[in-house]
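Remarks on the structure that follows.
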Amino acid sequence: MEEHADNACPTAYMTLHARYIIGTRLGACGRTTERIWLGESIGSMPALPSLPQCCLLHLRSCVFDNFLDKALDGPGNPVVINLGCGLDYRQERCHAEGCTWYDVDLGKIMGIRRRYLSDAGCGKMISADIADTSWISGIEGGKSAIVIAEGVLMYLGNDDVHRLFSALSDRFDNIRMVFDAYTEFGKRLAAAACPQLGIRSGINDVRAYESGKLAFSRELDIRKDSGMKKMPAQIRLAAGLTFFRPERIVFKILEYVK
């Protein structure tokens with residue numbers, strides 16, 4: 001997982017930048033997101049995404065947030081595991097402070113998060129490479145889980161993802177998991193455009209990562225998410241003019257359940 005470790009901060013900054021830029025334009029930037037961005041923007045920064053890319057990253061986050069909001073309204077008291085949490089504070093946006101919440105990412109990322117967040121009141125932080133599934137033994141709580149994996153699995157190899165899904169399936173009786181993955185074409189495109197990011201995996205088959213009873217449930221449509229209504233007019237117009245979903249050529253957002 002050396003490539004993932006080396007490129008963790010640039011990718012985390014990209015998502016944070018998108019959430020800050022678009023959130024500020026929409027008047028919906030979380031206090032913690034703003035505090036982290038302003039605190040970390042001084043000094044050497046990686047190349048940052050363009051405004052259209054920021055819109056797409058923001059929309060992607062909206063899909064994950066809305067999924068989580070609805071999942072938390074369901075029965076039981078599931079553990080929430082936010083894989084590859086980066087520098088974004090999803091728990092604040094989703095008003096999920098009362099649930100058992102785990103943020104999981106590499107130690108380098110967690111070191112930055114701890115400068116702005118404490119474990120008290122904002123869930124538990126686990127410093128780990130998610131491909132090394134031994135961290136799962138540290139998850140306390142029941143046998144049900146909501147797992148969020150936004151913008152992270154493409155930095156793992158396909159074998160790593162299979163082991164991760166298998167370990168999660170072994171640990172929990174009930175799982176609702178949402179994640180995004182590049183297609184094979186998207187993988188090649190991203191690798192050519194940004195080779196420094198170290199994209200490692202891509203899938204065309206929506207069932208490619210099924211493990212045991214953890215299986216494909218549905219594909220989420222980024223264009224139908226409520227976040228689209230708040231996008232700039234040109235983004236909404238471009239989405240409305242297409243009769244197919246061009247983003248699916250590059251990436252998919254999938255829900256798996258057990």
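Following the order of the structure tokens, first chain is A, next is B, and so on, with residues numbered from 1 inside each chain and ligands from 1 in the order they appear.
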Contacts of Leu68 (chain A) at 10 Å (only C-alpha atoms; same-chain gap of 2+ positions) as a PyMOL selection string: chain A and resi 62-66+70-73+80+90-91+94+96+146-148+176-178
Helix (DSSP H, G or I) per DSSP on the backbone: members of region 97-165 of chain A, as a list in words: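 Across region 97-165 of chain A, those assigned helix (DSSP H, G or I) are Gly107, Lys108, Ile109, Met110, Gly111, Ile112, Arg113, Arg114, Arg115, Tyr116, Thr133, Ser134, Trp135, Ile136, Ser137, Gly138, Leu153, Met154, Tyr155, Asn158, Asp159, Asp160, Val161, His162, Arg163, Leu164 and Phe165 of chain A.
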Selection above as a file: N, CA and C atoms, as a PDB file, in the first residue's frame:
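Wrote it out as selection05.pdb, contents follow:
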ATOM      1  N   GLY A 107      -2.211   7.086   9.176  1.00  0.00           N
ATOM      2  CA  GLY A 107      -1.735   7.897  10.293  1.00  0.00           C
ATOM      3  C   GLY A 107      -1.416   9.327   9.905  1.00  0.00           C
ATOM      4  N   LYS A 108      -0.917   9.534   8.692  1.00  0.00           N
ATOM      5  CA  LYS A 108      -0.575  10.880   8.228  1.00  0.00           C
ATOM      6  C   LYS A 108      -1.816  11.764   8.182  1.00  0.00           C
ATOM      7  N   ILE A 109      -2.919  11.205   7.695  1.00  0.00           N
ATOM      8  CA  ILE A 109      -4.181  11.932   7.639  1.00  0.00           C
ATOM      9  C   ILE A 109      -4.726  12.167   9.041  1.00  0.00           C
ATOM     10  N   MET A 110      -4.687  11.129   9.867  1.00  0.00           N
ATOM     11  CA  MET A 110      -5.230  11.261  11.214  1.00  0.00           C
ATOM     12  C   MET A 110      -4.453  12.278  12.039  1.00  0.00           C
ATOM     13  N   GLY A 111      -3.171  12.406  11.765  1.00  0.00           N
ATOM     14  CA  GLY A 111      -2.386  13.415  12.464  1.00  0.00           C
ATOM     15  C   GLY A 111      -2.906  14.817  12.178  1.00  0.00           C
ATOM     16  N   ILE A 112      -3.305  15.056  10.918  1.00  0.00           N
ATOM     17  CA  ILE A 112      -3.877  16.357  10.559  1.00  0.00           C
ATOM     18  C   ILE A 112      -5.248  16.533  11.199  1.00  0.00           C
ATOM     19  N   ARG A 113      -6.074  15.483  11.123  1.00  0.00           N
ATOM     20  CA  ARG A 113      -7.421  15.580  11.704  1.00  0.00           C
ATOM     21  C   ARG A 113      -7.363  15.899  13.196  1.00  0.00           C
ATOM     22  N   ARG A 114      -6.430  15.290  13.894  1.00  0.00           N
ATOM     23  CA  ARG A 114      -6.376  15.483  15.340  1.00  0.00           C
ATOM     24  C   ARG A 114      -5.960  16.909  15.729  1.00  0.00           C
ATOM     25  N   ARG A 115      -5.409  17.645  14.773  1.00  0.00           N
ATOM     26  CA  ARG A 115      -5.098  19.045  15.066  1.00  0.00           C
ATOM     27  C   ARG A 115      -6.369  19.885  15.132  1.00  0.00           C
ATOM     28  N   TYR A 116      -7.445  19.379  14.548  1.00  0.00           N
ATOM     29  CA  TYR A 116      -8.685  20.149  14.485  1.00  0.00           C
ATOM     30  C   TYR A 116      -9.846  19.475  15.205  1.00  0.00           C
ATOM     31  N   THR A 133      -6.586  -5.511   7.168  1.00  0.00           N
ATOM     32  CA  THR A 133      -7.901  -5.609   7.812  1.00  0.00           C
ATOM     33  C   THR A 133      -7.841  -5.892   9.311  1.00  0.00           C
ATOM     34  N   SER A 134      -6.672  -5.944   9.891  1.00  0.00           N
ATOM     35  CA  SER A 134      -6.583  -6.177  11.340  1.00  0.00           C
ATOM     36  C   SER A 134      -7.254  -5.058  12.131  1.00  0.00           C
ATOM     37  N   TRP A 135      -7.405  -3.866  11.545  1.00  0.00           N
ATOM     38  CA  TRP A 135      -8.058  -2.765  12.252  1.00  0.00           C
ATOM     39  C   TRP A 135      -9.511  -3.072  12.583  1.00  0.00           C
ATOM     40  N   ILE A 136     -10.124  -3.986  11.840  1.00  0.00           N
ATOM     41  CA  ILE A 136     -11.544  -4.295  12.053  1.00  0.00           C
ATOM     42  C   ILE A 136     -11.781  -4.894  13.435  1.00  0.00           C
ATOM     43  N   SER A 137     -10.777  -5.562  13.986  1.00  0.00           N
ATOM     44  CA  SER A 137     -10.940  -6.155  15.320  1.00  0.00           C
ATOM     45  C   SER A 137     -11.116  -5.081  16.397  1.00  0.00           C
ATOM     46  N   GLY A 138     -10.756  -3.847  16.088  1.00  0.00           N
ATOM     47  CA  GLY A 138     -10.918  -2.761  17.050  1.00  0.00           C
ATOM     48  C   GLY A 138     -12.270  -2.096  17.006  1.00  0.00           C
ATOM     49  N   LEU A 153     -11.406   3.319  -2.603  1.00  0.00           N
ATOM     50  CA  LEU A 153     -11.141   1.946  -3.023  1.00  0.00           C
ATOM     51  C   LEU A 153     -10.317   1.855  -4.303  1.00  0.00           C
ATOM     52  N   MET A 154     -10.380   2.892  -5.133  1.00  0.00           N
ATOM     53  CA  MET A 154      -9.598   2.855  -6.376  1.00  0.00           C
ATOM     54  C   MET A 154      -8.095   2.944  -6.134  1.00  0.00           C
ATOM     55  N   TYR A 155      -7.712   3.280  -4.894  1.00  0.00           N
ATOM     56  CA  TYR A 155      -6.288   3.321  -4.551  1.00  0.00           C
ATOM     57  C   TYR A 155      -5.801   1.989  -3.984  1.00  0.00           C
ATOM     58  N   ASN A 158      -7.427  -4.763  -6.580  1.00  0.00           N
ATOM     59  CA  ASN A 158      -8.677  -5.527  -6.518  1.00  0.00           C
ATOM     60  C   ASN A 158      -8.623  -6.618  -5.453  1.00  0.00           C
ATOM     61  N   ASP A 159      -7.470  -7.263  -5.288  1.00  0.00           N
ATOM     62  CA  ASP A 159      -7.342  -8.294  -4.257  1.00  0.00           C
ATOM     63  C   ASP A 159      -7.488  -7.691  -2.865  1.00  0.00           C
ATOM     64  N   ASP A 160      -6.956  -6.481  -2.672  1.00  0.00           N
ATOM     65  CA  ASP A 160      -7.103  -5.797  -1.383  1.00  0.00           C
ATOM     66  C   ASP A 160      -8.569  -5.522  -1.076  1.00  0.00           C
ATOM     67  N   VAL A 161      -9.309  -5.076  -2.099  1.00  0.00           N
ATOM     68  CA  VAL A 161     -10.726  -4.778  -1.899  1.00  0.00           C
ATOM     69  C   VAL A 161     -11.492  -6.043  -1.546  1.00  0.00           C
ATOM     70  N   HIS A 162     -11.194  -7.146  -2.227  1.00  0.00           N
ATOM     71  CA  HIS A 162     -11.865  -8.411  -1.921  1.00  0.00           C
ATOM     72  C   HIS A 162     -11.603  -8.833  -0.473  1.00  0.00           C
ATOM     73  N   ARG A 163     -10.375  -8.717  -0.010  1.00  0.00           N
ATOM     74  CA  ARG A 163     -10.061  -9.083   1.376  1.00  0.00           C
ATOM     75  C   ARG A 163     -10.790  -8.175   2.365  1.00  0.00           C
ATOM     76  N   LEU A 164     -10.856  -6.893   2.046  1.00  0.00           N
ATOM     77  CA  LEU A 164     -11.553  -5.947   2.915  1.00  0.00           C
ATOM     78  C   LEU A 164     -13.030  -6.292   3.016  1.00  0.00           C
ATOM     79  N   PHE A 165     -13.669  -6.541   1.887  1.00  0.00           N
ATOM     80  CA  PHE A 165     -15.100  -6.853   1.888  1.00  0.00           C
ATOM     81  C   PHE A 165     -15.365  -8.170   2.603  1.00  0.00           C
TER      82      PHE A 165
END
Residues within 10 Å of Glu150 (chain A), only C-alpha atoms, excluding chain neighbours under 6 positions, as number ranges by chain: A: 15, 57, 60-61, 63-64, 82-86, 178-181, 253
Length of the CA of Cys55 (chain A) to CA of Ile21 (chain A) vector [Å]: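 Distance reported for this atom pair: 8.9 Å.
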Filtered DSSP result for region 83-219 of chain A, state strand (DSSP E or B), as a PyMOL selection string: chain A and resi 83+101-105+124-127+144-149+174-182+211+214-219
May I have the residues from that selection written out with N, CA, C and O atoms, as a compact mmCIF listing (two decimals), in the first residue's frame?
# COMPACT_ATOMS: atom_id res chain seq x y z
N LEU A 83 -14.63 4.83 5.84
CA LEU A 83 -13.33 4.38 5.36
C LEU A 83 -12.66 5.45 4.50
O LEU A 83 -13.30 6.07 3.66
N TRP A 101 -19.49 5.91 15.80
CA TRP A 101 -18.90 6.32 14.52
C TRP A 101 -17.39 6.09 14.56
O TRP A 101 -16.73 6.45 15.52
N TYR A 102 -16.87 5.54 13.46
CA TYR A 102 -15.43 5.33 13.33
C TYR A 102 -14.94 5.98 12.03
O TYR A 102 -15.49 5.71 10.95
N ASP A 103 -13.95 6.83 12.14
CA ASP A 103 -13.23 7.35 10.98
C ASP A 103 -11.93 6.57 10.85
O ASP A 103 -11.17 6.45 11.81
N VAL A 104 -11.65 6.07 9.64
CA VAL A 104 -10.47 5.23 9.42
C VAL A 104 -9.66 5.79 8.27
O VAL A 104 -10.18 6.02 7.17
N ASP A 105 -8.38 6.04 8.52
CA ASP A 105 -7.49 6.48 7.46
C ASP A 105 -6.05 6.32 7.95
O ASP A 105 -5.80 5.97 9.10
N LYS A 124 -14.70 7.95 16.84
CA LYS A 124 -13.38 7.41 17.16
C LYS A 124 -12.52 7.37 15.89
O LYS A 124 -13.00 7.03 14.82
N MET A 125 -11.27 7.73 16.05
CA MET A 125 -10.35 7.75 14.92
C MET A 125 -9.44 6.53 14.98
O MET A 125 -8.85 6.24 16.02
N ILE A 126 -9.33 5.84 13.85
CA ILE A 126 -8.45 4.69 13.75
C ILE A 126 -7.39 4.98 12.68
O ILE A 126 -7.72 5.22 11.52
N SER A 127 -6.14 4.98 13.09
CA SER A 127 -5.04 5.17 12.15
C SER A 127 -4.65 3.81 11.60
O SER A 127 -4.12 2.97 12.33
N SER A 144 -24.35 -4.86 13.31
CA SER A 144 -24.85 -4.17 12.12
C SER A 144 -23.97 -2.96 11.84
O SER A 144 -23.52 -2.29 12.76
N ALA A 145 -23.75 -2.68 10.55
CA ALA A 145 -22.86 -1.58 10.20
C ALA A 145 -23.33 -0.88 8.94
O ALA A 145 -23.90 -1.49 8.03
N ILE A 146 -23.10 0.43 8.92
CA ILE A 146 -23.19 1.23 7.70
C ILE A 146 -21.75 1.59 7.35
O ILE A 146 -21.04 2.17 8.17
N VAL A 147 -21.34 1.25 6.15
CA VAL A 147 -19.95 1.48 5.74
C VAL A 147 -19.93 2.46 4.57
O VAL A 147 -20.62 2.25 3.56
N ILE A 148 -19.16 3.53 4.73
CA ILE A 148 -19.00 4.55 3.70
C ILE A 148 -17.57 4.49 3.19
O ILE A 148 -16.62 4.53 3.97
N ALA A 149 -17.41 4.39 1.87
CA ALA A 149 -16.06 4.36 1.28
C ALA A 149 -16.06 5.26 0.06
O ALA A 149 -16.25 4.81 -1.07
N ASN A 174 -25.15 -7.76 9.51
CA ASN A 174 -25.93 -6.91 8.60
C ASN A 174 -25.07 -5.72 8.19
O ASN A 174 -24.48 -5.05 9.05
N ILE A 175 -25.02 -5.46 6.89
CA ILE A 175 -24.20 -4.36 6.38
C ILE A 175 -24.96 -3.63 5.28
O ILE A 175 -25.60 -4.25 4.43
N ARG A 176 -24.89 -2.31 5.33
CA ARG A 176 -25.24 -1.48 4.17
C ARG A 176 -23.98 -0.69 3.84
O ARG A 176 -23.48 0.05 4.67
N MET A 177 -23.49 -0.88 2.65
CA MET A 177 -22.22 -0.27 2.27
C MET A 177 -22.37 0.47 0.95
O MET A 177 -22.94 -0.06 -0.01
N VAL A 178 -21.89 1.71 0.89
CA VAL A 178 -21.89 2.45 -0.37
C VAL A 178 -20.45 2.86 -0.67
O VAL A 178 -19.70 3.29 0.22
N PHE A 179 -20.06 2.70 -1.92
CA PHE A 179 -18.69 3.01 -2.34
C PHE A 179 -18.69 3.41 -3.81
O PHE A 179 -19.63 3.11 -4.56
N ASP A 180 -17.64 4.11 -4.21
CA ASP A 180 -17.46 4.43 -5.62
C ASP A 180 -16.24 3.71 -6.15
O ASP A 180 -15.29 3.43 -5.41
N ALA A 181 -16.29 3.39 -7.43
CA ALA A 181 -15.19 2.67 -8.07
C ALA A 181 -15.06 3.15 -9.50
O ALA A 181 -16.05 3.42 -10.17
N TYR A 182 -13.83 3.28 -9.95
CA TYR A 182 -13.59 3.57 -11.36
C TYR A 182 -13.95 2.35 -12.21
O TYR A 182 -13.81 1.20 -11.77
N SER A 211 -18.72 -10.56 -1.82
CA SER A 211 -17.99 -11.49 -0.95
C SER A 211 -18.96 -12.12 0.03
O SER A 211 -19.57 -11.42 0.85
N LEU A 214 -22.30 -10.47 1.28
CA LEU A 214 -22.22 -9.04 0.98
C LEU A 214 -22.28 -8.89 -0.53
O LEU A 214 -21.33 -9.20 -1.25
N ALA A 215 -23.43 -8.43 -1.02
CA ALA A 215 -23.69 -8.51 -2.45
C ALA A 215 -24.27 -7.20 -2.99
O ALA A 215 -24.81 -6.38 -2.25
N PHE A 216 -24.16 -7.03 -4.30
CA PHE A 216 -24.66 -5.85 -4.97
C PHE A 216 -26.15 -5.68 -4.74
O PHE A 216 -26.93 -6.62 -4.85
N SER A 217 -26.56 -4.43 -4.45
CA SER A 217 -27.96 -4.11 -4.26
C SER A 217 -28.48 -3.17 -5.34
O SER A 217 -29.49 -3.42 -5.98
N ARG A 218 -27.76 -2.05 -5.56
CA ARG A 218 -28.21 -1.08 -6.55
C ARG A 218 -27.06 -0.13 -6.90
O ARG A 218 -26.08 -0.04 -6.19
N GLU A 219 -27.26 0.56 -8.02
CA GLU A 219 -26.34 1.61 -8.43
C GLU A 219 -27.02 2.95 -8.21
O GLU A 219 -28.18 3.15 -8.58
Shortest interatomic distance to Gly98 (chain A) - which of A:Arg31, A:Gln196, A:Gly123, A:Phe185, counting only C-alpha atoms: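 For Gly98 (chain A), the nearest of the candidates is A:Gly123.
The coordinates place CA of Leu87 (chain A) at 11.2 Å from CA of Leu106 (chain A).
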Interatomic distance, CA of Arg93 (chain A) to CA of Gly186 (chain A) (Å, one decimal):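 Computing it gives 28.9 Å between the two atoms.
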Within 8 Å of Cys29 (chain A) using only C-alpha atoms, minus same-chain residues under 6 positions, as a PyMOL selection string: chain A and resi 19-20+22-23
Option closest in space to Leu189 (chain A), from A:Thr11, A:Thr32, A:Ser201, A:Ser169 [counting only C-alpha atoms]: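 The answer is A:Ser201, which sits nearest to Leu189 (chain A).
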Among the residues A:Ile222, A:Met14, A:Ile36, A:Ala131, the one that comes closest to Gln53 (chain A) [using only C-alpha atoms]: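 For Gln53 (chain A), the nearest of the given residues is A:Met14.
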